[in-house]
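For reference, query_20.cif (mmCIF, C-alpha atoms):
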data_work
#
loop_
_atom_site.label_atom_id
_atom_site.label_comp_id
_atom_site.auth_asym_id
_atom_site.auth_seq_id
_atom_site.Cartn_x
_atom_site.Cartn_y
_atom_site.Cartn_z
CA MET W 1 66.61 -42.21 -40.77
CA GLU W 2 68.13 -41.05 -44.00
CA VAL W 3 66.57 -38.06 -45.77
CA SER W 4 66.95 -37.96 -49.52
CA PRO W 5 68.52 -34.89 -51.11
CA LEU W 6 65.36 -34.56 -53.26
CA ALA W 7 63.18 -34.28 -50.17
CA VAL W 8 65.50 -31.62 -48.71
CA ALA W 9 65.39 -29.66 -51.98
CA ALA W 10 61.59 -29.91 -52.15
CA PHE W 11 61.29 -28.74 -48.53
CA ALA W 12 63.66 -25.81 -49.17
CA ALA W 13 61.70 -24.79 -52.28
CA MET W 14 58.39 -24.88 -50.38
CA MET W 15 59.83 -22.76 -47.58
CA ALA W 16 61.25 -20.26 -50.05
CA LEU W 17 57.96 -19.99 -51.91
CA GLY W 18 56.05 -19.75 -48.67
CA GLY W 19 58.25 -16.87 -47.59
CA CYS W 20 57.64 -15.06 -50.88
CA ALA W 21 53.92 -15.46 -50.58
CA ALA W 22 53.92 -14.02 -47.10
CA THR W 23 55.70 -10.83 -48.18
CA THR W 24 53.77 -10.30 -51.41
CA PRO W 25 50.70 -8.16 -50.77
CA PRO W 26 47.39 -9.64 -51.90
CA PRO W 27 45.85 -8.13 -55.02
CA PRO W 28 43.54 -5.19 -54.33
CA ALA W 29 39.93 -6.20 -53.79
CA SER W 30 37.59 -5.08 -56.50
CA SER W 31 34.54 -3.08 -55.54
CA LEU W 32 31.08 -4.59 -55.50
CA TYR W 33 30.30 -2.26 -58.41
CA GLU W 34 33.07 -3.88 -60.47
CA ARG W 35 32.09 -7.40 -59.43
CA LEU W 36 28.47 -6.72 -60.40
CA GLY W 37 29.69 -5.84 -63.89
CA GLY W 38 29.60 -2.05 -63.80
CA LEU W 39 26.97 0.42 -64.90
CA GLY W 40 25.62 -1.62 -67.83
CA ALA W 41 24.99 -4.69 -65.71
CA ILE W 42 23.44 -2.66 -62.89
CA SER W 43 21.16 -0.90 -65.38
CA ALA W 44 20.04 -4.22 -66.85
CA VAL W 45 19.23 -5.69 -63.42
CA VAL W 46 17.38 -2.54 -62.32
CA ASP W 47 15.39 -2.44 -65.56
CA ASP W 48 14.38 -6.07 -65.15
CA GLY W 49 13.72 -5.61 -61.43
CA VAL W 50 11.39 -2.67 -62.05
CA ALA W 51 9.51 -4.81 -64.59
CA ASN W 52 9.15 -7.54 -61.93
CA ILE W 53 7.87 -4.97 -59.44
CA ALA W 54 5.37 -3.58 -61.97
CA ALA W 55 4.02 -7.10 -62.50
CA ASP W 56 3.87 -7.95 -58.78
CA PRO W 57 0.32 -7.46 -57.42
CA ARG W 58 1.70 -7.41 -53.86
CA ILE W 59 3.39 -4.04 -54.43
CA ASN W 60 2.81 -2.67 -57.92
CA ARG W 61 0.14 -0.23 -56.74
CA ARG W 62 2.85 1.51 -54.71
CA PHE W 63 4.49 2.52 -57.98
CA ASP W 64 1.39 3.69 -59.92
CA ALA W 65 2.32 7.36 -59.60
CA ALA W 66 6.04 6.84 -60.13
CA ALA W 67 7.71 8.25 -63.21
CA VAL W 68 9.26 4.94 -64.28
CA PRO W 69 12.22 6.34 -66.26
CA ARG W 70 13.12 8.63 -63.36
CA LEU W 71 12.68 5.78 -60.87
CA LYS W 72 14.99 3.53 -62.89
CA GLY W 73 17.58 6.28 -63.22
CA SER W 74 17.53 6.99 -59.50
CA LEU W 75 17.82 3.30 -58.62
CA VAL W 76 20.74 2.81 -61.01
CA GLU W 77 22.45 5.90 -59.59
CA PHE W 78 21.83 4.72 -56.03
CA VAL W 79 23.10 1.16 -56.56
CA CYS W 80 26.08 2.43 -58.55
CA ALA W 81 27.07 4.88 -55.81
CA ARG W 82 26.45 2.50 -52.89
CA THR W 83 28.47 -0.33 -54.45
CA GLY W 84 31.60 1.75 -55.00
CA GLY W 85 30.95 2.93 -58.54
CA PRO W 86 31.61 6.38 -60.00
CA CYS W 87 28.00 7.59 -59.77
CA VAL W 88 26.73 10.28 -57.44
CA TYR W 89 23.27 9.68 -56.03
CA ARG W 90 21.30 12.91 -56.27
CA GLY W 91 17.98 11.66 -54.93
CA ARG W 92 16.43 12.25 -51.55
CA ASN W 93 17.45 10.18 -48.57
CA MET W 94 15.39 7.05 -48.07
CA ALA W 95 13.47 8.26 -45.00
CA ASP W 96 12.37 11.49 -46.72
CA ALA W 97 11.54 9.73 -49.98
CA HIS W 98 9.24 7.24 -48.22
CA GLU W 99 7.73 9.55 -45.59
CA GLY W 100 3.96 9.12 -45.32
CA MET W 101 3.89 5.96 -47.44
CA TYR W 102 3.61 3.60 -44.45
CA ILE W 103 5.33 0.76 -46.28
CA ARG W 104 4.96 -2.58 -44.52
CA ASP W 105 7.67 -5.19 -44.00
CA GLU W 106 5.91 -7.61 -46.35
CA GLU W 107 5.98 -4.99 -49.11
CA PHE W 108 9.68 -4.36 -48.57
CA ASN W 109 10.26 -8.13 -48.65
CA ALA W 110 8.28 -8.43 -51.89
CA LEU W 111 10.44 -5.76 -53.53
CA VAL W 112 13.59 -7.57 -52.42
CA GLN W 113 12.22 -10.86 -53.81
CA ASP W 114 11.49 -9.16 -57.15
CA LEU W 115 15.03 -7.82 -57.30
CA VAL W 116 16.48 -11.22 -56.38
CA MET W 117 14.59 -12.73 -59.34
CA SER W 118 16.46 -10.30 -61.58
CA LEU W 119 19.79 -10.98 -59.91
CA ASP W 120 19.21 -14.70 -60.47
CA LYS W 121 18.15 -14.13 -64.08
CA PHE W 122 21.42 -12.32 -64.76
CA LYS W 123 23.37 -14.98 -62.87
CA VAL W 124 24.81 -12.60 -60.28
CA PRO W 125 26.94 -14.76 -57.97
CA ALA W 126 25.73 -15.49 -54.44
CA ARG W 127 28.50 -13.44 -52.79
CA GLU W 128 27.61 -10.30 -54.72
CA GLN W 129 23.89 -10.87 -54.21
CA GLY W 130 24.50 -11.18 -50.49
CA GLU W 131 26.48 -7.96 -50.34
CA LEU W 132 23.83 -6.10 -52.31
CA LEU W 133 21.05 -7.48 -50.11
CA VAL W 134 22.91 -6.31 -47.01
CA LEU W 135 22.90 -2.79 -48.49
CA LEU W 136 19.15 -3.04 -49.05
CA GLU W 137 18.51 -4.42 -45.57
CA ARG W 138 20.38 -1.51 -44.02
CA MET W 139 17.75 0.79 -45.55
CA ARG W 140 14.76 -1.12 -44.18
CA ASN W 141 14.30 1.12 -41.12
CA ALA W 142 14.40 4.26 -43.26
CA ILE W 143 11.75 2.89 -45.64
CA VAL W 144 9.35 0.72 -43.63
CA GLY W 145 6.69 2.30 -41.44
CA HIS W 146 7.19 5.94 -42.34
#

Can you give me the file's structure in the form of structure tokens?
Amino acid sequence: MEVSPLAVAAFAAMMALGGCAATTPPPPASSLYERLGGLGAISAVVDDGVANIAADPRINRRFDAAAVPRLKGSLVEFVCARTGGPCVYRGRNMADAHEGMYIRDEEFNALVQDLVMSLDKFKVPAREQGELLVLLERMRNAIVGH
């Protein structure tokens, strides 16, 4: 079987390129904070999410006594810090902040649904939504039932 010189050259080029790709490090992964769009995008989603929560009869009574501007600021700070952004969260830990509130699973789920509506509205990609929802789910035990 005769192999054409063109086929040999193409094979050699593919091997050479394959070798280069193997030694070139992959680009650094961007943080979830960066992929969400940074502080402005996080602020917009939180602002919209808090509006959804305020309009949600399943949970809005839980936020009657909340100072809304402070709540928004704390949530932005929290999400920013937890997603790899430059913010420092200065609020209380989740267990202390929710102590004595006896939040139920269905209320936690309603809050997550309200936030997902905002993530969808701002067209946050599924991968980033999933990563953010994992962060929220990790807090469930510190928030629910205390």

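Shortest atom-to-atom contact with Asn93 (chain W) among W:Ala142, W:Val50, W:Leu136, W:Val116: W:Ala142, counting only C-alpha atoms.
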
Selection as a count of residues only: residues within 12 Å of (11.4, -6.6, -53.1), counting only C-alpha atoms: 35

Coordinates-based distance that separates CA of Gln129 (chain W) from CA of Ser31 (chain W) (Å, one decimal):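 Computing the Euclidean distance for CA of Ser31 (chain W) and CA of Gln129 (chain W) yields 13.3 Å.
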
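Take the candidates W:Met101, W:Leu75, W:Ala44, W:Leu32 and check each one against Arg61 (chain W) using all atoms listed in the file; the shortest distance goes to W:Met101.
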
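Take CA of Arg70 (chain W) and CA of Ser43 (chain W): the distance between them is 12.6 Å.
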
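The smallest atom-to-atom distance between Asp96 (chain W) and any of W:Arg138, W:Ile143, W:Arg127, W:Ala65, using all atoms listed in the file, is found for W:Ile143.
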
Length of the CA of His98 (chain W) to CA of Ser74 (chain W) vector [Å]: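 So the answer is 14.0 Å.
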
Counting all atoms listed in the file, the residue of W:Gly130, W:Pro69, W:Gly85, W:Glu77 that sits nearest Ser30 (chain W): W:Gly85

Among listed residues W:Val45, W:Leu36, W:Ala97, W:Val68, nearest Lys121 (chain W) (using only C-alpha atoms):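 Of the candidates, the smallest distance to Lys121 (chain W) is held by W:Val45.
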
Of the listed residues W:Leu39, W:Ala29, W:Ala95, W:Ala67, that which approaches Ala81 (chain W) most closely, counting all atoms listed in the file: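 With all atoms listed in the file as the atom set, the closest residue is W:Leu39.
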
Close residues, Thr83 (chain W) itself excluded, 9 Å, all atoms listed in the file, min 3 positions apart in chain, as a count of residues only: 11
